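K.L.:
Below is work09.cif; it holds mmCIF, N, CA and C atoms and all ligand atoms.
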```
data_model
loop_
_atom_site.label_atom_id
_atom_site.label_comp_id
_atom_site.auth_asym_id
_atom_site.auth_seq_id
_atom_site.Cartn_x
_atom_site.Cartn_y
_atom_site.Cartn_z
N MET W 925 -0.07 -14.74 26.02
CA MET W 925 -0.02 -15.13 24.61
C MET W 925 1.15 -14.42 23.93
N PRO W 926 1.89 -15.13 23.10
CA PRO W 926 3.00 -14.48 22.40
C PRO W 926 2.50 -13.48 21.37
N SER W 927 3.37 -12.55 21.03
CA SER W 927 3.03 -11.51 20.06
C SER W 927 3.01 -12.06 18.65
N LEU W 928 2.24 -11.41 17.82
CA LEU W 928 2.19 -11.77 16.40
C LEU W 928 3.48 -11.33 15.69
N LEU W 929 3.88 -12.11 14.71
CA LEU W 929 5.00 -11.75 13.85
C LEU W 929 4.46 -10.93 12.69
N LEU W 930 5.03 -9.76 12.49
CA LEU W 930 4.60 -8.92 11.38
C LEU W 930 5.49 -9.16 10.17
N ALA W 931 4.94 -8.84 8.99
CA ALA W 931 5.67 -9.10 7.75
C ALA W 931 6.98 -8.33 7.69
N THR W 932 7.09 -7.24 8.46
CA THR W 932 8.31 -6.43 8.45
C THR W 932 9.29 -6.83 9.55
N THR W 933 8.91 -7.76 10.40
CA THR W 933 9.81 -8.17 11.49
C THR W 933 10.99 -8.94 10.91
N PRO W 934 12.22 -8.54 11.26
CA PRO W 934 13.37 -9.28 10.73
C PRO W 934 13.42 -10.71 11.23
N VAL W 935 13.73 -11.61 10.30
CA VAL W 935 13.97 -13.02 10.64
C VAL W 935 15.35 -13.34 10.09
N THR W 936 16.21 -13.90 10.93
CA THR W 936 17.57 -14.19 10.47
C THR W 936 17.95 -15.63 10.82
N CYS W 937 18.96 -16.13 10.10
CA CYS W 937 19.51 -17.43 10.43
C CYS W 937 20.42 -17.29 11.64
N SER W 938 20.91 -18.41 12.14
CA SER W 938 21.74 -18.39 13.34
C SER W 938 23.09 -17.71 13.10
N HIS W 939 23.37 -17.32 11.88
CA HIS W 939 24.60 -16.59 11.55
C HIS W 939 24.27 -15.16 11.15
N GLU W 940 23.07 -14.72 11.49
CA GLU W 940 22.63 -13.33 11.35
C GLU W 940 22.43 -12.89 9.91
N ALA W 941 22.25 -13.81 9.00
CA ALA W 941 21.89 -13.46 7.63
C ALA W 941 20.36 -13.42 7.52
N PRO W 942 19.83 -12.48 6.72
CA PRO W 942 18.38 -12.35 6.63
C PRO W 942 17.70 -13.53 5.92
N VAL W 943 16.55 -13.90 6.45
CA VAL W 943 15.70 -14.89 5.81
C VAL W 943 14.62 -14.10 5.07
N VAL W 944 14.59 -14.25 3.75
CA VAL W 944 13.67 -13.49 2.91
C VAL W 944 12.41 -14.31 2.67
N PRO W 945 11.25 -13.77 3.05
CA PRO W 945 10.01 -14.54 2.89
C PRO W 945 9.76 -14.96 1.46
N VAL W 946 9.08 -16.08 1.31
CA VAL W 946 8.66 -16.54 -0.01
C VAL W 946 7.78 -15.45 -0.65
N PRO W 947 8.09 -15.04 -1.87
CA PRO W 947 7.28 -13.98 -2.48
C PRO W 947 5.90 -14.48 -2.91
N GLY W 948 4.92 -13.61 -2.82
CA GLY W 948 3.61 -13.91 -3.38
C GLY W 948 2.68 -14.68 -2.49
N VAL W 949 3.10 -15.00 -1.25
CA VAL W 949 2.23 -15.77 -0.38
C VAL W 949 1.79 -14.97 0.84
N GLU W 950 2.20 -13.70 0.89
CA GLU W 950 1.80 -12.88 2.03
C GLU W 950 0.31 -12.58 1.97
N GLN W 951 -0.24 -12.17 3.09
CA GLN W 951 -1.66 -11.81 3.13
C GLN W 951 -1.78 -10.33 3.48
N THR W 952 -2.89 -9.74 3.10
CA THR W 952 -3.09 -8.32 3.39
C THR W 952 -4.42 -8.08 4.10
N VAL W 953 -5.06 -9.14 4.53
CA VAL W 953 -6.36 -9.01 5.18
C VAL W 953 -6.21 -8.52 6.63
N LEU W 954 -5.26 -9.14 7.34
CA LEU W 954 -5.07 -8.83 8.75
C LEU W 954 -3.80 -8.01 8.93
N LYS W 955 -3.99 -6.77 9.45
CA LYS W 955 -2.84 -5.88 9.64
C LYS W 955 -2.85 -5.35 11.06
N VAL W 956 -1.63 -5.03 11.54
CA VAL W 956 -1.47 -4.36 12.83
C VAL W 956 -0.75 -3.05 12.56
N ASN W 957 -1.41 -1.96 12.88
CA ASN W 957 -0.84 -0.64 12.59
C ASN W 957 -0.45 -0.53 11.11
N GLY W 958 -1.25 -1.12 10.23
CA GLY W 958 -1.01 -1.01 8.80
C GLY W 958 -0.03 -2.01 8.24
N VAL W 959 0.55 -2.85 9.10
CA VAL W 959 1.54 -3.82 8.64
C VAL W 959 0.93 -5.22 8.66
N PRO W 960 1.00 -5.94 7.53
CA PRO W 960 0.41 -7.27 7.50
C PRO W 960 1.05 -8.22 8.51
N VAL W 961 0.25 -9.09 9.07
CA VAL W 961 0.73 -10.16 9.95
C VAL W 961 1.31 -11.27 9.08
N ALA W 962 2.46 -11.81 9.49
CA ALA W 962 3.09 -12.89 8.72
C ALA W 962 2.30 -14.19 8.87
N VAL W 963 2.28 -14.98 7.79
CA VAL W 963 1.57 -16.26 7.80
C VAL W 963 2.54 -17.39 7.43
N LEU W 964 2.15 -18.59 7.78
CA LEU W 964 3.04 -19.75 7.67
C LEU W 964 3.75 -19.91 6.32
N PRO W 965 3.07 -19.78 5.20
CA PRO W 965 3.76 -20.05 3.92
C PRO W 965 4.93 -19.11 3.64
N MET W 966 4.97 -17.95 4.33
CA MET W 966 6.04 -16.98 4.07
C MET W 966 7.42 -17.51 4.47
N TYR W 967 7.44 -18.42 5.46
CA TYR W 967 8.74 -18.91 5.93
C TYR W 967 8.90 -20.40 5.72
N THR W 968 8.10 -20.96 4.85
CA THR W 968 8.23 -22.37 4.48
C THR W 968 8.91 -22.43 3.12
N GLY W 969 10.22 -22.71 3.15
CA GLY W 969 11.00 -22.68 1.92
C GLY W 969 11.52 -21.31 1.57
N ALA W 970 11.62 -20.43 2.58
CA ALA W 970 12.15 -19.09 2.37
C ALA W 970 13.64 -19.13 2.04
N THR W 971 14.12 -18.06 1.43
CA THR W 971 15.52 -17.97 0.99
C THR W 971 16.36 -17.24 2.03
N VAL W 972 17.51 -17.79 2.36
CA VAL W 972 18.47 -17.11 3.24
C VAL W 972 19.53 -16.48 2.35
N THR W 973 19.75 -15.18 2.53
CA THR W 973 20.68 -14.48 1.65
C THR W 973 21.92 -14.03 2.42
N GLY W 974 23.07 -14.31 1.87
CA GLY W 974 24.32 -13.79 2.41
C GLY W 974 24.80 -14.42 3.69
N CYS W 975 24.42 -15.65 3.95
CA CYS W 975 24.90 -16.31 5.17
C CYS W 975 26.42 -16.47 5.09
N PRO W 976 27.14 -16.05 6.17
CA PRO W 976 28.62 -16.09 6.13
C PRO W 976 29.21 -17.44 6.50
N GLN W 977 28.36 -18.38 6.93
CA GLN W 977 28.93 -19.66 7.39
C GLN W 977 29.64 -20.38 6.25
N GLN W 978 30.81 -20.97 6.58
CA GLN W 978 31.57 -21.77 5.62
C GLN W 978 31.82 -23.13 6.21
N PRO W 979 31.95 -24.18 5.42
CA PRO W 979 31.87 -24.15 3.95
C PRO W 979 30.44 -24.19 3.42
N VAL W 980 29.47 -24.40 4.25
CA VAL W 980 28.10 -24.52 3.74
C VAL W 980 27.24 -23.40 4.33
N PRO W 981 26.95 -22.37 3.57
CA PRO W 981 26.08 -21.31 4.09
C PRO W 981 24.61 -21.74 4.08
N CYS W 982 23.83 -21.10 4.95
CA CYS W 982 22.39 -21.30 4.89
C CYS W 982 21.87 -20.73 3.58
N ALA W 983 20.97 -21.45 2.95
CA ALA W 983 20.40 -20.98 1.69
C ALA W 983 18.88 -21.06 1.70
N THR W 984 18.34 -22.05 2.40
CA THR W 984 16.90 -22.28 2.38
C THR W 984 16.41 -22.60 3.78
N ALA W 985 15.27 -22.01 4.15
CA ALA W 985 14.65 -22.28 5.44
C ALA W 985 13.56 -23.32 5.27
N ALA W 986 13.54 -24.28 6.18
CA ALA W 986 12.48 -25.29 6.20
C ALA W 986 11.27 -24.72 6.94
N ALA W 987 10.20 -25.45 6.94
CA ALA W 987 8.97 -25.00 7.60
C ALA W 987 9.24 -24.70 9.08
N PRO W 988 8.60 -23.65 9.61
CA PRO W 988 8.80 -23.30 11.01
C PRO W 988 8.50 -24.46 11.95
N LEU W 989 9.27 -24.50 13.05
CA LEU W 989 9.05 -25.51 14.08
C LEU W 989 8.23 -24.95 15.24
N THR W 990 8.44 -23.69 15.56
CA THR W 990 7.69 -23.03 16.62
C THR W 990 7.20 -21.69 16.10
N GLY W 991 6.28 -21.09 16.84
CA GLY W 991 5.79 -19.78 16.45
C GLY W 991 4.64 -19.82 15.48
N ILE W 992 3.97 -20.96 15.41
CA ILE W 992 2.81 -21.10 14.53
C ILE W 992 1.56 -20.98 15.39
N SER W 993 0.73 -20.01 15.10
CA SER W 993 -0.48 -19.81 15.91
C SER W 993 -1.44 -20.97 15.72
N THR W 994 -1.95 -21.48 16.82
CA THR W 994 -2.98 -22.51 16.74
C THR W 994 -4.37 -21.89 16.83
N ALA W 995 -4.43 -20.60 17.09
CA ALA W 995 -5.71 -19.95 17.32
C ALA W 995 -6.12 -19.02 16.19
N LEU W 996 -5.14 -18.47 15.48
CA LEU W 996 -5.44 -17.43 14.50
C LEU W 996 -5.01 -17.85 13.10
N ARG W 997 -5.99 -17.86 12.20
CA ARG W 997 -5.71 -18.14 10.80
C ARG W 997 -6.18 -16.98 9.95
N VAL W 998 -5.46 -16.76 8.85
CA VAL W 998 -5.83 -15.72 7.90
C VAL W 998 -5.91 -16.37 6.53
N ASN W 999 -7.04 -16.28 5.88
CA ASN W 999 -7.25 -16.94 4.60
C ASN W 999 -6.90 -18.43 4.70
N GLY W 1000 -7.15 -19.03 5.85
CA GLY W 1000 -6.91 -20.45 6.02
C GLY W 1000 -5.48 -20.81 6.39
N GLN W 1001 -4.59 -19.80 6.47
CA GLN W 1001 -3.20 -20.06 6.81
C GLN W 1001 -2.92 -19.62 8.25
N PRO W 1002 -2.18 -20.42 9.02
CA PRO W 1002 -1.86 -20.01 10.39
C PRO W 1002 -1.03 -18.73 10.41
N ALA W 1003 -1.40 -17.82 11.31
CA ALA W 1003 -0.56 -16.65 11.56
C ALA W 1003 0.71 -17.09 12.27
N LEU W 1004 1.77 -16.29 12.14
CA LEU W 1004 3.03 -16.59 12.81
C LEU W 1004 3.22 -15.67 14.01
N LEU W 1005 3.99 -16.17 14.97
CA LEU W 1005 4.23 -15.46 16.22
C LEU W 1005 5.70 -15.08 16.34
N LEU W 1006 5.98 -14.17 17.26
CA LEU W 1006 7.37 -13.72 17.45
C LEU W 1006 8.27 -14.83 17.99
N THR W 1007 7.67 -15.92 18.41
CA THR W 1007 8.45 -17.07 18.88
C THR W 1007 8.88 -17.96 17.72
N LEU W 1008 8.76 -17.45 16.49
CA LEU W 1008 9.12 -18.21 15.29
C LEU W 1008 10.55 -18.73 15.35
N THR W 1009 10.72 -20.04 15.16
CA THR W 1009 12.04 -20.63 14.95
C THR W 1009 11.90 -21.76 13.96
N GLY W 1010 13.02 -22.16 13.37
CA GLY W 1010 13.00 -23.29 12.45
C GLY W 1010 14.41 -23.64 12.04
N LEU W 1011 14.53 -24.56 11.13
CA LEU W 1011 15.82 -25.03 10.65
C LEU W 1011 16.08 -24.52 9.24
N THR W 1012 17.36 -24.22 8.96
CA THR W 1012 17.78 -24.01 7.59
C THR W 1012 18.56 -25.25 7.17
N ASN W 1013 19.05 -25.24 5.94
CA ASN W 1013 19.83 -26.38 5.48
C ASN W 1013 21.14 -26.51 6.26
N ALA W 1014 21.57 -25.44 6.94
CA ALA W 1014 22.88 -25.48 7.60
C ALA W 1014 22.86 -24.79 8.96
N GLY W 1015 21.70 -24.61 9.54
CA GLY W 1015 21.63 -23.95 10.85
C GLY W 1015 20.20 -23.82 11.29
N THR W 1016 19.92 -22.71 11.97
CA THR W 1016 18.56 -22.45 12.45
C THR W 1016 18.20 -21.01 12.09
N TYR W 1017 16.92 -20.67 12.27
CA TYR W 1017 16.52 -19.27 12.09
C TYR W 1017 15.49 -18.91 13.15
N LYS W 1018 15.35 -17.60 13.38
CA LYS W 1018 14.39 -17.13 14.37
C LYS W 1018 14.03 -15.69 14.08
N ALA W 1019 12.89 -15.29 14.62
CA ALA W 1019 12.47 -13.90 14.51
C ALA W 1019 13.33 -13.04 15.42
N GLN W 1020 13.65 -11.83 14.97
CA GLN W 1020 14.56 -10.96 15.71
C GLN W 1020 13.89 -9.70 16.21
N GLY W 1021 12.66 -9.48 15.83
CA GLY W 1021 12.05 -8.20 16.12
C GLY W 1021 11.75 -8.00 17.59
N PRO W 1022 11.61 -6.73 17.99
CA PRO W 1022 11.16 -6.46 19.36
C PRO W 1022 9.72 -6.89 19.51
N PRO W 1023 9.30 -7.24 20.70
CA PRO W 1023 7.90 -7.63 20.89
C PRO W 1023 6.97 -6.50 20.49
N SER W 1024 5.96 -6.84 19.73
CA SER W 1024 4.95 -5.84 19.43
C SER W 1024 3.99 -5.75 20.61
N SER W 1025 3.24 -4.69 20.62
CA SER W 1025 2.32 -4.49 21.75
C SER W 1025 1.02 -5.26 21.55
N VAL W 1026 0.90 -5.89 20.40
CA VAL W 1026 -0.33 -6.60 20.09
C VAL W 1026 -0.12 -8.09 20.31
N THR W 1027 -0.96 -8.70 21.04
CA THR W 1027 -0.86 -10.14 21.26
C THR W 1027 -1.83 -10.86 20.36
N SER W 1028 -1.56 -12.14 20.17
CA SER W 1028 -2.44 -12.92 19.32
C SER W 1028 -3.78 -13.16 20.04
N VAL W 1029 -4.74 -13.60 19.28
CA VAL W 1029 -6.07 -13.82 19.82
C VAL W 1029 -6.37 -15.30 19.88
ZN ZN W 1101 23.31 -19.12 8.39
#
```
Would you mind giving the structure from this file in structure tokens?
Ligand SMILES: [Zn+2]
P.N.:
Amino acid sequence: MPSLLLATTPVTCSHEAPVVPVPGVEQTVLKVNGVPVAVLPMYTGATVTGCPQQPVPCATAAAPLTGISTALRVNGQPALLLTLTGLTNAGTYKAQGPPSSVTSV
């Protein structure tokens, strides 16, 4: 089973600019070592900041394509996995963090 994506795990676009989670949709019920597990709404319409691509930088992330847990939900929202990937308006994005030692359930 792939590892869970934590709220602190870096997610970047294909040009290495950070994807900033949607504010206010994170959950605090399920944590690993005190860090909340990321959930689907955090990266659906997330903001990409400082993408260097020209002439069209990444600005917005679309809903994830992979890395959505089919087994684990928190407050009704699917948990995200380290296999997270998706499209931005001008590229792709993916989770960059090292694998956590905790696997999904
Ligand atoms: Zn980009």
K.L.:
Could you please extract the residues within 6 Å of ligand ZN 1101 (chain W), counting only N, CA and C atoms and all ligand atoms, and hand them back as an mmCIF file with N, CA and C atoms, keeping the file's coordinate frame?
P.N.:
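The resulting selection.cif:
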```cif
data_model
loop_
_atom_site.group_PDB
_atom_site.id
_atom_site.type_symbol
_atom_site.label_atom_id
_atom_site.label_comp_id
_atom_site.auth_asym_id
_atom_site.auth_seq_id
_atom_site.Cartn_x
_atom_site.Cartn_y
_atom_site.Cartn_z
ATOM 1 N N CYS W 937 18.960 -16.130 10.100
ATOM 2 C CA CYS W 937 19.510 -17.430 10.430
ATOM 3 C C CYS W 937 20.420 -17.290 11.640
ATOM 4 N N SER W 938 20.910 -18.410 12.140
ATOM 5 C CA SER W 938 21.740 -18.390 13.340
ATOM 6 C C SER W 938 23.090 -17.710 13.100
ATOM 7 N N HIS W 939 23.370 -17.320 11.880
ATOM 8 C CA HIS W 939 24.600 -16.590 11.550
ATOM 9 C C HIS W 939 24.270 -15.160 11.150
ATOM 10 N N GLU W 940 23.070 -14.720 11.490
ATOM 11 C CA GLU W 940 22.630 -13.330 11.350
ATOM 12 C C GLU W 940 22.430 -12.890 9.910
ATOM 13 N N ALA W 941 22.250 -13.810 9.000
ATOM 14 C CA ALA W 941 21.890 -13.460 7.630
ATOM 15 C C ALA W 941 20.360 -13.420 7.520
ATOM 16 N N CYS W 975 24.420 -15.650 3.950
ATOM 17 C CA CYS W 975 24.900 -16.310 5.170
ATOM 18 C C CYS W 975 26.420 -16.470 5.090
ATOM 19 N N PRO W 976 27.140 -16.050 6.170
ATOM 20 C CA PRO W 976 28.620 -16.090 6.130
ATOM 21 C C PRO W 976 29.210 -17.440 6.500
ATOM 22 N N GLN W 977 28.360 -18.380 6.930
ATOM 23 C CA GLN W 977 28.930 -19.660 7.390
ATOM 24 C C GLN W 977 29.640 -20.380 6.250
ATOM 25 N N PRO W 981 26.950 -22.370 3.570
ATOM 26 C CA PRO W 981 26.080 -21.310 4.090
ATOM 27 C C PRO W 981 24.610 -21.740 4.080
ATOM 28 N N CYS W 982 23.830 -21.100 4.950
ATOM 29 C CA CYS W 982 22.390 -21.300 4.890
ATOM 30 C C CYS W 982 21.870 -20.730 3.580
ATOM 31 N N ALA W 1014 21.570 -25.440 6.940
ATOM 32 C CA ALA W 1014 22.880 -25.480 7.600
ATOM 33 C C ALA W 1014 22.860 -24.790 8.960
ATOM 34 N N GLY W 1015 21.700 -24.610 9.540
ATOM 35 C CA GLY W 1015 21.630 -23.950 10.850
ATOM 36 C C GLY W 1015 20.200 -23.820 11.290
#
```
K.L.:
Tell me which of W:Gly1010, W:Gly958, W:Gly974, W:Pro1002 sits closest to Thr990 of chain W, counting only N, CA and C atoms.
P.N.:
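That would be W:Gly1010, the residue with the smallest distance to Thr990 of chain W.
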K.L.:
Here is a test: counting all atoms listed in the file, which residue of W:Thr1009, W:Gln978, W:Thr932, W:Asn999 is nearest to Pro960 of chain W?
P.N.:
W:Thr932
K.L.:
Report as a tab-separated table: every residue of segment 959-1023 of chain W with an atom at most 6 Å from segment 925-931 of chain W, its closest pair of atoms, and their distance in Å to one decimal, counting all atoms listed in the file, with rows sorted by chain and ascending residue number.
P.N.:
```
residue	atom	partner	partner_atom	distance
W:Val959	C	W:Ala931	N	5.4
W:Pro960	C	W:Ala931	N	4.0
W:Val961	CA	W:Leu930	CA	4.3
W:Ala962	N	W:Leu929	C	3.9
W:Leu1004	C	W:Leu929	N	3.7
W:Leu1005	CA	W:Leu929	N	3.7
W:Leu1006	N	W:Leu929	N	3.9
```
K.L.:
Take every atom of segment 1001-1008 of chain W listed in the file, pad by 3 Å on each side, and give me the axis-aligned box centre and edge lengths in Å, one decimal, as lines of an AutoDock Vina configuration file.
P.N.:
```
center_x = 3.0
center_y = -17.1
center_z = 12.7
size_x = 21.1
size_y = 12.7
size_z = 18.4
```
K.L.:
Write a file for segment 995-1011 of chain W, containing N, CA and C atoms (output as a PDB file, in the first residue's frame).
P.N.:
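Okay, this is what ended up in out-v4.pdb:
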```
ATOM      1  N   ALA W 995      -9.613   3.678   0.206  1.00  0.00           N
ATOM      2  CA  ALA W 995      -9.911   2.926   1.423  1.00  0.00           C
ATOM      3  C   ALA W 995     -10.087   3.814   2.639  1.00  0.00           C
ATOM      4  N   LEU W 996      -9.441   4.972   2.644  1.00  0.00           N
ATOM      5  CA  LEU W 996      -9.403   5.792   3.847  1.00  0.00           C
ATOM      6  C   LEU W 996     -10.030   7.158   3.594  1.00  0.00           C
ATOM      7  N   ARG W 997     -11.056   7.459   4.389  1.00  0.00           N
ATOM      8  CA  ARG W 997     -11.682   8.770   4.331  1.00  0.00           C
ATOM      9  C   ARG W 997     -11.626   9.411   5.703  1.00  0.00           C
ATOM     10  N   VAL W 998     -11.519  10.744   5.691  1.00  0.00           N
ATOM     11  CA  VAL W 998     -11.524  11.508   6.927  1.00  0.00           C
ATOM     12  C   VAL W 998     -12.600  12.571   6.797  1.00  0.00           C
ATOM     13  N   ASN W 999     -13.550  12.586   7.704  1.00  0.00           N
ATOM     14  CA  ASN W 999     -14.673  13.511   7.617  1.00  0.00           C
ATOM     15  C   ASN W 999     -15.352  13.421   6.245  1.00  0.00           C
ATOM     16  N   GLY W1000     -15.371  12.235   5.667  1.00  0.00           N
ATOM     17  CA  GLY W1000     -16.042  12.036   4.393  1.00  0.00           C
ATOM     18  C   GLY W1000     -15.196  12.366   3.179  1.00  0.00           C
ATOM     19  N   GLN W1001     -13.961  12.856   3.402  1.00  0.00           N
ATOM     20  CA  GLN W1001     -13.094  13.215   2.282  1.00  0.00           C
ATOM     21  C   GLN W1001     -11.999  12.164   2.120  1.00  0.00           C
ATOM     22  N   PRO W1002     -11.684  11.762   0.884  1.00  0.00           N
ATOM     23  CA  PRO W1002     -10.612  10.792   0.688  1.00  0.00           C
ATOM     24  C   PRO W1002      -9.269  11.327   1.165  1.00  0.00           C
ATOM     25  N   ALA W1003      -8.524  10.481   1.865  1.00  0.00           N
ATOM     26  CA  ALA W1003      -7.144  10.824   2.203  1.00  0.00           C
ATOM     27  C   ALA W1003      -6.297  10.776   0.934  1.00  0.00           C
ATOM     28  N   LEU W1004      -5.183  11.504   0.952  1.00  0.00           N
ATOM     29  CA  LEU W1004      -4.275  11.509  -0.198  1.00  0.00           C
ATOM     30  C   LEU W1004      -3.040  10.675   0.116  1.00  0.00           C
ATOM     31  N   LEU W1005      -2.429  10.165  -0.951  1.00  0.00           N
ATOM     32  CA  LEU W1005      -1.273   9.286  -0.838  1.00  0.00           C
ATOM     33  C   LEU W1005      -0.051   9.956  -1.467  1.00  0.00           C
ATOM     34  N   LEU W1006       1.116   9.407  -1.146  1.00  0.00           N
ATOM     35  CA  LEU W1006       2.361   9.974  -1.685  1.00  0.00           C
ATOM     36  C   LEU W1006       2.472   9.817  -3.194  1.00  0.00           C
ATOM     37  N   THR W1007       1.589   9.028  -3.772  1.00  0.00           N
ATOM     38  CA  THR W1007       1.567   8.871  -5.223  1.00  0.00           C
ATOM     39  C   THR W1007       0.757   9.972  -5.899  1.00  0.00           C
ATOM     40  N   LEU W1008       0.456  11.036  -5.143  1.00  0.00           N
ATOM     41  CA  LEU W1008      -0.337  12.154  -5.661  1.00  0.00           C
ATOM     42  C   LEU W1008       0.273  12.747  -6.934  1.00  0.00           C
ATOM     43  N   THR W1009      -0.533  12.837  -7.990  1.00  0.00           N
ATOM     44  CA  THR W1009      -0.163  13.588  -9.183  1.00  0.00           C
ATOM     45  C   THR W1009      -1.417  14.240  -9.734  1.00  0.00           C
ATOM     46  N   GLY W1010      -1.225  15.252 -10.574  1.00  0.00           N
ATOM     47  CA  GLY W1010      -2.358  15.898 -11.214  1.00  0.00           C
ATOM     48  C   GLY W1010      -1.869  16.904 -12.230  1.00  0.00           C
ATOM     49  N   LEU W1011      -2.789  17.636 -12.796  1.00  0.00           N
ATOM     50  CA  LEU W1011      -2.479  18.628 -13.818  1.00  0.00           C
ATOM     51  C   LEU W1011      -2.624  20.031 -13.257  1.00  0.00           C
TER      52      LEU W1011
END
```
